[in-house]
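Structure data (compact mmCIF, C-alpha atoms (C1' of nucleotides)) from upload_21.txt:
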```txt
# COMPACT_ATOMS: atom_id res chain seq x y z
CA MET A 34 0.00 0.00 0.00
CA SER A 35 1.43 3.34 -1.02
CA VAL A 36 1.48 6.21 1.42
CA ALA A 37 -0.91 8.29 -0.65
CA ALA A 38 -3.40 5.44 -1.03
CA ASP A 39 -3.26 4.84 2.70
CA VAL A 40 -4.03 8.45 3.45
CA THR A 41 -7.57 8.22 2.12
CA PRO A 42 -8.99 5.75 4.67
CA ARG A 43 -7.11 7.45 7.47
CA ILE A 44 -8.76 10.75 6.58
CA ARG A 45 -12.10 9.01 6.64
CA GLU A 46 -11.37 7.56 10.07
CA LEU A 47 -10.42 10.98 11.29
CA ILE A 48 -13.70 12.42 10.02
CA VAL A 49 -15.68 9.74 11.82
CA GLN A 50 -13.62 9.98 14.95
CA LYS A 51 -14.01 13.74 15.20
CA GLY A 52 -17.68 13.44 14.35
CA LEU A 53 -17.42 15.89 11.49
CA THR A 54 -20.51 16.25 9.34
CA ARG A 55 -21.60 18.16 6.27
CA GLY A 56 -20.37 21.71 6.29
CA ASP A 57 -17.67 21.17 8.90
CA ARG A 58 -14.12 22.18 8.21
CA LEU A 59 -11.23 19.76 8.05
CA PRO A 60 -7.91 20.65 9.71
CA SER A 61 -5.52 22.41 7.35
CA GLU A 62 -3.39 20.37 4.96
CA ARG A 63 -0.24 21.24 6.89
CA GLU A 64 -1.84 20.10 10.11
CA LEU A 65 -3.20 16.87 8.61
CA ALA A 66 0.13 16.04 7.00
CA ALA A 67 1.87 16.47 10.34
CA ASP A 68 -0.75 14.41 12.18
CA LEU A 69 -0.57 11.52 9.71
CA GLY A 70 3.20 11.74 9.43
CA VAL A 71 3.28 12.26 5.67
CA SER A 72 4.36 15.05 3.39
CA ARG A 73 1.91 17.55 2.00
CA PRO A 74 2.12 16.29 -1.61
CA ALA A 75 1.32 12.74 -0.44
CA LEU A 76 -1.46 14.07 1.76
CA ARG A 77 -2.87 16.00 -1.19
CA GLU A 78 -2.84 12.92 -3.39
CA GLY A 79 -4.93 11.16 -0.78
CA LEU A 80 -7.29 14.11 -0.45
CA ARG A 81 -7.61 14.33 -4.20
CA HIS A 82 -9.49 11.06 -4.27
CA LEU A 83 -12.04 12.25 -1.73
CA ILE A 84 -12.36 15.56 -3.56
CA ASP A 85 -12.98 13.80 -6.87
CA LEU A 86 -15.61 11.65 -5.21
CA GLY A 87 -17.33 14.74 -3.90
CA VAL A 88 -16.81 13.88 -0.24
CA LEU A 89 -14.60 16.91 0.36
CA GLN A 90 -14.69 20.38 -1.09
CA PRO A 91 -11.61 22.62 -0.88
CA ARG A 92 -11.92 26.40 -0.71
CA ARG A 93 -8.75 28.27 -1.41
CA GLY A 94 -7.78 30.57 1.43
CA SER A 95 -10.40 29.15 3.71
CA GLY A 96 -10.07 25.41 4.20
CA THR A 97 -11.36 22.02 3.13
CA TYR A 98 -14.94 21.22 4.00
CA ILE A 99 -17.08 18.10 4.26
CA ALA A 100 -19.55 17.99 1.40
CA GLY A 101 -21.26 14.60 1.33
CA ALA A 102 -24.06 13.40 -0.86
CA ASP A 103 -27.80 13.56 -0.46
CA ASN A 104 -28.94 10.30 1.10
CA GLU A 105 -31.98 9.97 -1.10
CA ASP A 106 -29.92 10.36 -4.27
CA LEU A 107 -27.45 7.84 -2.96
CA LEU A 108 -30.09 5.21 -2.24
CA ASP A 109 -31.55 5.71 -5.68
CA VAL A 110 -28.24 4.82 -7.32
CA ARG A 111 -27.59 1.99 -4.89
CA ASP A 112 -30.94 0.53 -5.88
CA ARG A 113 -29.78 0.47 -9.49
CA LEU A 114 -26.47 -1.26 -8.85
CA GLU A 115 -26.42 -3.38 -5.73
CA PRO A 116 -29.40 -5.67 -6.41
CA HIS A 117 -27.91 -6.23 -9.84
CA ALA A 118 -24.55 -7.07 -8.29
CA ALA A 119 -26.23 -9.54 -5.94
CA ARG A 120 -27.87 -11.23 -8.89
CA LEU A 121 -24.61 -11.53 -10.81
CA ALA A 122 -22.78 -12.69 -7.70
CA ALA A 123 -25.23 -15.59 -7.34
CA ARG A 124 -23.99 -16.79 -10.70
CA SER A 125 -20.31 -15.99 -10.52
CA ARG A 126 -19.35 -16.41 -6.87
CA THR A 127 -16.36 -18.64 -6.15
CA ALA A 128 -15.54 -20.67 -3.09
CA ILE A 129 -13.26 -17.84 -2.00
CA ASP A 130 -16.13 -15.39 -2.27
CA LEU A 131 -18.35 -17.59 -0.14
CA ALA A 132 -15.70 -17.91 2.53
CA ALA A 133 -15.35 -14.14 2.59
CA PHE A 134 -19.10 -13.73 2.95
CA ASP A 135 -19.14 -16.05 5.95
CA ARG A 136 -16.34 -14.21 7.66
CA ILE A 137 -18.02 -10.85 7.07
CA LEU A 138 -21.39 -12.11 8.29
CA ASP A 139 -19.71 -13.30 11.48
CA ASP A 140 -18.27 -9.85 12.02
CA LEU A 141 -21.64 -8.31 11.27
CA ARG A 142 -23.34 -10.49 13.87
CA ALA A 143 -20.67 -9.43 16.34
CA GLY A 144 -21.78 -5.85 15.79
CA ASP A 145 -18.86 -4.63 13.70
CA GLN A 146 -19.95 -1.37 12.11
CA THR A 147 -17.60 -1.57 9.12
CA SER A 148 -18.57 -5.07 8.00
CA TYR A 149 -21.78 -3.88 6.35
CA ASN A 150 -19.79 -1.89 3.82
CA GLU A 151 -17.33 -4.76 3.49
CA LEU A 152 -20.16 -7.02 2.49
CA ARG A 153 -21.30 -4.56 -0.14
CA LEU A 154 -17.78 -4.46 -1.56
CA ALA A 155 -17.53 -8.25 -1.46
CA LEU A 156 -20.78 -8.59 -3.38
CA GLY A 157 -19.49 -6.18 -5.99
CA ALA A 158 -16.27 -8.13 -6.31
CA ALA A 159 -18.11 -11.45 -6.52
CA SER A 160 -20.27 -10.14 -9.36
CA GLY A 161 -17.36 -10.67 -11.71
CA ASN A 162 -17.93 -7.25 -13.26
CA SER A 163 -14.98 -5.06 -12.32
CA VAL A 164 -16.67 -1.87 -13.48
CA LEU A 165 -19.66 -2.63 -11.30
CA ALA A 166 -17.42 -3.45 -8.36
CA HIS A 167 -15.65 -0.16 -8.84
CA ALA A 168 -18.87 1.82 -9.03
CA ILE A 169 -20.16 0.26 -5.83
CA SER A 170 -16.86 0.98 -4.14
CA ASN A 171 -17.32 4.63 -5.04
CA LEU A 172 -20.79 4.62 -3.54
CA VAL A 173 -19.48 3.09 -0.32
CA GLU A 174 -16.83 5.76 -0.09
CA LEU A 175 -19.38 8.47 -0.67
CA GLU A 176 -21.09 7.82 2.61
CA PRO A 177 -19.98 9.25 5.88
CA GLY A 178 -18.61 6.40 8.02
CA GLY A 179 -21.15 4.07 9.58
CA SER A 180 -24.18 5.50 7.85
CA VAL A 181 -26.34 2.48 8.73
CA ARG A 182 -26.77 1.21 12.25
CA VAL A 183 -26.08 -2.51 12.50
CA GLY A 184 -29.12 -4.06 14.11
CA ASN A 185 -30.91 -7.39 14.13
CA ARG A 186 -32.99 -6.53 11.12
CA LEU A 187 -29.97 -5.59 9.04
CA VAL A 188 -28.15 -8.80 9.99
CA LYS A 189 -31.23 -10.78 9.02
CA GLU A 190 -31.53 -9.03 5.66
CA MET A 191 -27.88 -9.45 4.80
CA THR A 192 -27.92 -13.10 5.82
CA ARG A 193 -30.80 -13.63 3.45
CA VAL A 194 -28.91 -11.99 0.59
CA VAL A 195 -25.85 -14.13 1.20
CA GLU A 196 -27.93 -17.31 1.43
CA ARG A 197 -29.51 -16.62 -1.95
CA VAL A 198 -26.11 -15.89 -3.44
CA ARG A 199 -24.73 -19.11 -2.01
CA ASP A 200 -27.65 -21.06 -3.45
CA GLY A 201 -27.06 -19.56 -6.85
CA ASP A 202 -30.53 -18.00 -6.76
CA GLY A 203 -29.91 -14.84 -8.76
CA ALA A 204 -33.49 -13.58 -8.77
CA GLY A 205 -33.81 -14.23 -5.03
CA ALA A 206 -30.56 -12.48 -4.22
CA ARG A 207 -31.60 -9.48 -6.26
CA GLN A 208 -34.97 -9.39 -4.55
CA ALA A 209 -33.46 -9.71 -1.08
CA MET A 210 -31.12 -6.80 -1.70
CA ARG A 211 -33.90 -4.69 -3.15
CA ARG A 212 -36.03 -5.31 -0.10
CA HIS A 213 -33.21 -4.22 2.17
CA LEU A 214 -32.70 -1.00 0.23
CA ARG A 215 -36.39 -0.37 0.13
CA ARG A 216 -36.44 -0.44 3.91
CA LEU A 217 -33.55 2.00 4.18
CA GLN A 218 -35.43 4.36 1.93
CA SER A 219 -38.35 4.67 4.30
CA MET B 60 -9.90 25.40 -13.11
CA SER B 61 -6.93 24.28 -11.09
CA VAL B 62 -3.80 23.04 -12.81
CA ALA B 63 -4.17 19.53 -11.39
CA ALA B 64 -7.80 19.26 -12.44
CA ASP B 65 -6.88 20.43 -15.91
CA VAL B 66 -4.17 17.80 -16.22
CA THR B 67 -6.67 14.94 -16.30
CA PRO B 68 -8.41 15.80 -19.59
CA ARG B 69 -5.11 16.76 -21.18
CA ILE B 70 -3.71 13.34 -20.36
CA ARG B 71 -6.77 11.79 -21.94
CA GLU B 72 -6.31 13.88 -25.07
CA LEU B 73 -2.70 12.79 -25.24
CA ILE B 74 -3.72 9.14 -24.99
CA VAL B 75 -6.20 9.55 -27.83
CA GLN B 76 -3.81 11.60 -29.92
CA LYS B 77 -1.01 9.07 -29.63
CA GLY B 78 -3.44 6.24 -30.20
CA LEU B 79 -2.43 4.43 -27.03
CA THR B 80 -4.52 1.43 -26.11
CA ARG B 81 -4.69 -1.14 -23.35
CA GLY B 82 -1.26 -2.33 -22.29
CA ASP B 83 0.65 0.58 -23.81
CA ARG B 84 3.02 2.60 -21.71
CA LEU B 85 2.55 6.28 -20.96
CA PRO B 86 5.52 8.65 -21.15
CA SER B 87 7.31 9.02 -17.82
CA GLU B 88 5.98 11.44 -15.23
CA ARG B 89 8.97 13.72 -15.71
CA GLU B 90 8.38 13.80 -19.43
CA LEU B 91 4.64 14.38 -19.10
CA ALA B 92 5.15 17.16 -16.59
CA ALA B 93 7.56 18.88 -18.95
CA ASP B 94 5.27 18.41 -21.96
CA LEU B 95 2.24 19.83 -20.17
CA GLY B 96 4.26 22.58 -18.50
CA VAL B 97 3.33 21.63 -14.95
CA SER B 98 5.24 20.38 -11.95
CA ARG B 99 5.44 16.70 -11.11
CA PRO B 100 3.28 16.97 -7.96
CA ALA B 101 0.53 18.65 -9.96
CA LEU B 102 0.92 16.11 -12.74
CA ARG B 103 0.66 13.30 -10.20
CA GLU B 104 -2.53 14.76 -8.73
CA GLY B 105 -4.05 14.68 -12.18
CA LEU B 106 -2.83 11.12 -12.79
CA ARG B 107 -4.18 10.06 -9.43
CA HIS B 108 -7.73 10.54 -10.63
CA LEU B 109 -7.20 8.30 -13.66
CA ILE B 110 -5.42 5.74 -11.50
CA ASP B 111 -8.30 5.71 -9.00
CA LEU B 112 -10.74 5.24 -11.87
CA GLY B 113 -8.72 2.30 -13.12
CA VAL B 114 -7.84 3.91 -16.43
CA LEU B 115 -4.13 3.93 -15.64
CA GLN B 116 -1.98 1.51 -13.72
CA PRO B 117 1.43 2.59 -12.42
CA ARG B 118 4.26 0.11 -12.00
CA ARG B 119 7.12 1.29 -9.89
CA GLY B 120 10.41 1.18 -11.72
CA SER B 121 8.77 0.48 -15.03
CA GLY B 122 6.20 3.07 -16.02
CA THR B 123 2.51 3.91 -16.09
CA TYR B 124 0.35 1.77 -18.32
CA ILE B 125 -3.09 2.02 -19.90
CA ALA B 126 -5.46 -0.37 -18.19
CA GLY B 127 -8.99 0.34 -19.34
CA ALA B 128 -12.16 -1.53 -18.56
CA ASP B 129 -13.81 -4.46 -20.25
CA ASN B 130 -16.34 -3.10 -22.70
CA GLU B 131 -18.97 -5.67 -21.85
CA ASP B 132 -18.75 -4.90 -18.13
CA LEU B 133 -18.96 -1.22 -18.91
CA LEU B 134 -22.10 -1.55 -21.01
CA ASP B 135 -23.73 -3.63 -18.31
CA VAL B 136 -23.30 -0.83 -15.78
CA ARG B 137 -24.27 1.83 -18.28
CA ASP B 138 -27.49 -0.07 -18.87
CA ARG B 139 -28.27 0.19 -15.17
CA LEU B 140 -27.67 3.92 -14.88
CA GLU B 141 -28.16 5.82 -18.10
CA PRO B 142 -31.71 4.77 -18.99
CA HIS B 143 -32.64 5.63 -15.42
CA ALA B 144 -31.00 9.01 -15.77
CA ALA B 145 -32.92 9.64 -18.98
CA ARG B 146 -36.15 8.82 -17.22
CA LEU B 147 -35.41 11.17 -14.32
CA ALA B 148 -34.25 13.86 -16.72
CA ALA B 149 -37.62 13.80 -18.47
CA ARG B 150 -39.14 14.85 -15.16
CA SER B 151 -36.56 17.26 -13.85
CA ARG B 152 -35.07 18.94 -16.91
CA THR B 153 -35.01 22.72 -16.89
CA ALA B 154 -35.03 25.17 -19.76
CA ILE B 155 -31.28 25.45 -19.40
CA ASP B 156 -30.93 21.69 -19.75
CA LEU B 157 -33.02 21.69 -22.91
CA ALA B 158 -30.92 24.45 -24.43
CA ALA B 159 -27.79 22.45 -23.66
CA PHE B 160 -29.26 19.36 -25.28
CA ASP B 161 -30.00 21.28 -28.46
CA ARG B 162 -26.51 22.67 -28.65
CA ILE B 163 -24.97 19.24 -28.10
CA LEU B 164 -27.22 17.62 -30.67
CA ASP B 165 -26.14 20.22 -33.21
CA ASP B 166 -22.51 19.36 -32.52
CA LEU B 167 -23.32 15.67 -32.78
CA ARG B 168 -24.93 16.17 -36.16
CA ALA B 169 -21.84 18.07 -37.25
CA GLY B 170 -19.83 14.96 -36.49
CA ASP B 171 -18.16 16.08 -33.29
CA GLN B 172 -16.78 12.96 -31.63
CA THR B 173 -16.81 14.35 -28.09
CA SER B 174 -20.42 15.50 -28.06
CA TYR B 175 -21.75 11.99 -27.52
CA ASN B 176 -20.11 11.86 -24.11
CA GLU B 177 -21.18 15.44 -23.44
CA LEU B 178 -24.77 14.41 -23.99
CA ARG B 179 -24.41 11.55 -21.55
CA LEU B 180 -23.03 13.96 -18.95
CA ALA B 181 -25.81 16.46 -19.66
CA LEU B 182 -28.46 13.80 -19.17
CA GLY B 183 -26.87 12.84 -15.86
CA ALA B 184 -26.85 16.47 -14.76
CA ALA B 185 -30.44 16.98 -15.85
CA SER B 186 -31.58 13.98 -13.81
CA GLY B 187 -31.35 16.12 -10.69
CA ASN B 188 -29.54 13.32 -8.85
CA SER B 189 -25.99 14.48 -8.23
CA VAL B 190 -24.78 11.04 -7.19
CA LEU B 191 -26.13 9.57 -10.40
CA ALA B 192 -24.56 12.36 -12.43
CA HIS B 193 -21.26 11.67 -10.74
CA ALA B 194 -21.44 7.93 -11.36
CA ILE B 195 -22.16 8.47 -15.05
CA SER B 196 -19.30 10.92 -15.25
CA ASN B 197 -17.01 8.21 -13.93
CA LEU B 198 -18.27 5.78 -16.55
CA VAL B 199 -17.62 8.32 -19.29
CA GLU B 200 -14.09 8.82 -18.07
CA LEU B 201 -13.52 5.08 -17.95
CA GLU B 202 -13.73 4.73 -21.69
CA PRO B 203 -10.86 5.32 -24.01
CA GLY B 204 -11.55 8.52 -25.94
CA GLY B 205 -14.13 8.32 -28.68
CA SER B 206 -15.16 4.76 -28.02
CA VAL B 207 -18.28 5.06 -30.14
CA ARG B 208 -18.21 6.16 -33.74
CA VAL B 209 -20.64 8.98 -34.43
CA GLY B 210 -22.82 7.85 -37.29
CA ASN B 211 -26.31 8.48 -38.59
CA ARG B 212 -27.82 5.78 -36.44
CA LEU B 213 -26.29 7.17 -33.28
CA VAL B 214 -27.52 10.69 -34.08
CA LYS B 215 -30.98 9.31 -34.67
CA GLU B 216 -31.01 7.39 -31.41
CA MET B 217 -29.78 10.32 -29.36
CA THR B 218 -32.24 12.67 -30.99
CA ARG B 219 -35.02 10.31 -29.98
CA VAL B 220 -33.81 10.27 -26.37
CA VAL B 221 -33.68 14.05 -26.21
CA GLU B 222 -37.13 14.38 -27.78
CA ARG B 223 -38.63 12.11 -25.13
CA VAL B 224 -36.88 14.02 -22.40
CA ARG B 225 -38.13 17.30 -23.81
CA ASP B 226 -41.68 15.94 -23.93
CA GLY B 227 -41.46 14.86 -20.33
CA ASP B 228 -41.99 11.26 -21.39
CA GLY B 229 -39.96 9.44 -18.75
CA ALA B 230 -40.83 5.91 -19.82
CA GLY B 231 -40.14 6.76 -23.44
CA ALA B 232 -36.81 8.38 -22.68
CA ARG B 233 -35.75 5.38 -20.64
CA GLN B 234 -36.79 3.03 -23.41
CA ALA B 235 -35.00 5.04 -26.09
CA MET B 236 -31.76 4.99 -24.14
CA ARG B 237 -32.08 1.28 -23.42
CA ARG B 238 -32.55 0.59 -27.10
CA HIS B 239 -29.43 2.55 -27.94
CA LEU B 240 -27.36 0.64 -25.39
CA ARG B 241 -28.83 -2.64 -26.51
CA ARG B 242 -27.53 -1.91 -29.99
CA LEU B 243 -24.04 -1.10 -28.73
CA GLN B 244 -24.01 -4.39 -26.91
CA SER B 245 -24.39 -6.42 -30.08
C1' DT C 75 -20.50 54.61 18.41
C1' DT C 76 -20.83 52.86 13.92
C1' DG C 77 -19.37 51.60 9.52
C1' DC C 78 -15.91 50.72 6.26
C1' DA C 79 -11.46 50.14 4.14
C1' DC C 80 -7.20 48.05 5.04
C1' DT C 81 -3.76 44.81 6.67
C1' DC C 82 -1.94 40.48 7.49
C1' DA C 83 -1.80 35.72 9.02
C1' DT C 84 -3.84 31.43 7.34
C1' DT C 85 -5.17 28.24 3.74
C1' DG C 86 -5.28 25.67 -0.56
C1' DG C 87 -2.47 25.48 -5.04
C1' DT C 88 1.83 25.06 -7.22
C1' DC C 89 6.67 24.71 -8.08
C1' DA C 90 11.68 23.15 -7.90
C1' DG C 91 14.95 19.90 -6.70
C1' DA C 92 16.33 15.97 -4.39
C1' DC C 93 16.58 11.06 -2.66
C1' DC C 94 14.82 6.25 -2.38
C1' DG C 95 13.54 1.66 -3.82
C1' DA C 96 11.98 -1.10 -7.64
C1' DC C 97 12.58 -2.44 -12.21
C1' DT C 98 14.89 -3.31 -16.74
C1' DA C 99 18.05 -3.76 -20.25
C1' DG C 100 22.59 -4.27 -21.57
C1' DA C 101 27.38 -5.42 -20.40
C1' DC C 102 30.05 -8.76 -18.41
C1' DT C 103 31.54 -13.23 -16.65
C1' DC C 104 31.90 -18.08 -16.79
C1' DG D 106 25.18 -19.28 -24.83
C1' DA D 107 23.28 -18.92 -20.21
C1' DG D 108 23.44 -16.72 -16.08
C1' DT D 109 24.98 -12.65 -13.30
C1' DC D 110 26.07 -7.93 -12.39
C1' DT D 111 25.45 -3.10 -12.94
C1' DA D 112 24.04 1.39 -14.26
C1' DG D 113 20.22 4.15 -15.76
C1' DT D 114 15.16 4.87 -15.66
C1' DC D 115 10.78 5.08 -13.39
C1' DG D 116 7.23 5.72 -9.89
C1' DG D 117 6.92 7.26 -4.86
C1' DT D 118 8.03 10.47 -1.48
C1' DC D 119 10.01 14.40 0.99
C1' DT D 120 11.54 19.24 1.96
C1' DG D 121 11.02 23.90 1.60
C1' DA D 122 9.45 27.66 -0.70
C1' DC D 123 6.27 31.09 -3.08
C1' DC D 124 1.61 32.53 -4.89
C1' DA D 125 -3.28 33.86 -4.70
C1' DA D 126 -7.49 33.85 -2.32
C1' DT D 127 -9.77 34.36 1.98
C1' DG D 128 -11.35 36.34 6.16
C1' DA D 129 -10.89 38.16 10.67
C1' DG D 130 -9.03 41.70 13.24
C1' DT D 131 -7.44 46.58 13.21
C1' DG D 132 -7.61 51.31 12.79
C1' DC D 133 -9.51 55.22 10.68
C1' DA D 134 -13.21 58.20 9.36
C1' DA D 135 -17.93 59.69 9.63
```
Rewrite the coordinates I just gave you, this time as structure tokens.
Amino acid sequence: MSVAADVTPRIRELIVQKGLTRGDRLPSERELAADLGVSRPALREGLRHLIDLGVLQPRRGSGTYIAGADNEDLLDVRDRLEPHAARLAARSRTAIDLAAFDRILDDLRAGDQTSYNELRLALGAASGNSVLAHAISNLVELEPGGSVRVGNRLVKEMTRVVERVRDGDGAGARQAMRRHLRRLQS
Amino acid sequence: MSVAADVTPRIRELIVQKGLTRGDRLPSERELAADLGVSRPALREGLRHLIDLGVLQPRRGSGTYIAGADNEDLLDVRDRLEPHAARLAARSRTAIDLAAFDRILDDLRAGDQTSYNELRLALGAASGNSVLAHAISNLVELEPGGSVRVGNRLVKEMTRVVERVRDGDGAGARQAMRRHLRRLQS
DNA sequence: TTGCACTCATTGGTCAGACCGACTAGACTC
DNA sequence: GAGTCTAGTCGGTCTGACCAATGAGTGCAA
């Protein structure tokens, strides 16, 4: 992992940890670089990714601010991609994919907040469509950390999706994911 | 427009101009920076975007190579997003959007190769969903420049899409875009 | 006291030059 | 001729500096 590539998740962690939300200002680049122990150019390369995604918005002379996407818009796009990914994954998943799903589901049941997004990424990867996987990854990164609270209902829904994928039931997997997203929408 | 942000399209132009395709090597960063008249850090910030998208793949000690996405995978994702965008655009388009469509269609009829992608971006913007617009923008950038040849059939298909959008016919706009993508797939 | 113009420290944006480790091709050895 | 060694190239990173835009505090004028 290169330094610049590693900066991106660390910035995200910092945002979550400090509880920064839309409109808040990030520490200055010089400050961030010092905190993370990297140079400013490397720090900027890491920030660039989040800026391109639309998560951050720099204002010259003022600072860098949290932008973030509208949740409704986000769910609309998720509904276009993630059920489709679940369907494809039911057809293309490998034994390695299935093992990864099991591990992630275990973490999810243990209450790990990050494993929900990991599962989404794993489904994208298992779809066998790298463009789709990439698009979903971008959606995951668009959200402020831990956007969804991990509860019993979510665990149940995700378990259902994984079961359908394991069974090779494409239509069922798609439906299960759609139902989950439908719930988030309301 | 910042220097770094301007680097990205210029790199793309250079790729098209030199006719580089998947697997080819890009000139070195030092050379590119000199050619474009920017510093290496700025050049790298521009490259970073294309690397994150998956268009370029750097190999330390060797060079930076064109990666590019599988066309079939790409069309599959386009089929999920762009007909949906057309449908939303039919509902949300403003007078400004319509004027932009007309201008772009004129360019398209004149044989401008870039206007096809411009239309796709304009439809995404007109959808009113910024996340969707962003996702489509990423898909556009994923393709090697001028992936689709502008011919009579394409002009006809795009004209149909715009007409449906102008009429506020969401279902029709969606259908017209799907038909266009279906053709590209075969 | 109030309002405004000004000043200046801070911030993102950019540049120049340097060093490092990884890679590759060509020279060299056996 | 096959394997090894070496020097040059490339991406990755750092340091330190300057620029332009911003905005808050300052001081002056009304």
**Study point:** atom CA of B:Leu115 to atom CA of B:Arg137, distance in Å rounded to a single decimal
**Key:**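 Atom CA of B:Arg137 lies at a distance of 20.4 Å from atom CA of B:Leu115.
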**Study point:** 12 Å contacts from chain C to chain B using all atoms listed in the file, as a ChimeraX atom specification
**Key:** /C:86-91,94-99
Just the selected residues (C-alpha atoms (C1' of nucleotides)), exported as a short mmCIF file (atom, residue, chain, number, x, y, z; two decimals), in the coordinates of the input, please.
```cif
data_model
loop_
_atom_site.label_atom_id
_atom_site.label_comp_id
_atom_site.auth_asym_id
_atom_site.auth_seq_id
_atom_site.Cartn_x
_atom_site.Cartn_y
_atom_site.Cartn_z
"C1'" DG C 86 -5.28 25.67 -0.56
"C1'" DG C 87 -2.47 25.48 -5.04
"C1'" DT C 88 1.83 25.06 -7.22
"C1'" DC C 89 6.67 24.71 -8.08
"C1'" DA C 90 11.68 23.15 -7.90
"C1'" DG C 91 14.95 19.90 -6.70
"C1'" DC C 94 14.82 6.25 -2.38
"C1'" DG C 95 13.54 1.66 -3.82
"C1'" DA C 96 11.98 -1.10 -7.64
"C1'" DC C 97 12.58 -2.44 -12.21
"C1'" DT C 98 14.89 -3.31 -16.74
"C1'" DA C 99 18.05 -3.76 -20.25
#
```
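If you count only C-alpha atoms (C1' of nucleotides) and ignore residues fewer than 2 places along the chain from A:Ala209, what sits within 9 Å of it is Pro116, Ala119, Glu190, Met191, Arg193, Val194, Arg197, Ala204, Gly205, Ala206, Arg207, Arg211, Arg212, His213 and Leu214 of chain A.
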**Study point:** Nearby residues (only C-alpha atoms (C1' of nucleotides)) at most 8 Å from stretch 132-136 of chain A, same-chain spacing under 4 positions excluded, as an MDAnalysis selection string
**Key:** chainID A and resid 128 140 152 155 195
Go ahead and dump the residues you just picked, C-alpha atoms, as a compact mmCIF listing (two decimals), keeping the file's coordinate frame.
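Here's the written file again31.txt:
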```
# COMPACT_ATOMS: atom_id res chain seq x y z
CA ALA A 128 -15.54 -20.67 -3.09
CA ASP A 140 -18.27 -9.85 12.02
CA LEU A 152 -20.16 -7.02 2.49
CA ALA A 155 -17.53 -8.25 -1.46
CA VAL A 195 -25.85 -14.13 1.20
```
Review point. Between B:Ala93, B:Ala194, B:Ala149, B:Leu106, which is the closest to chain D once you count only C-alpha atoms (C1' of nucleotides)?
Key: B:Leu106
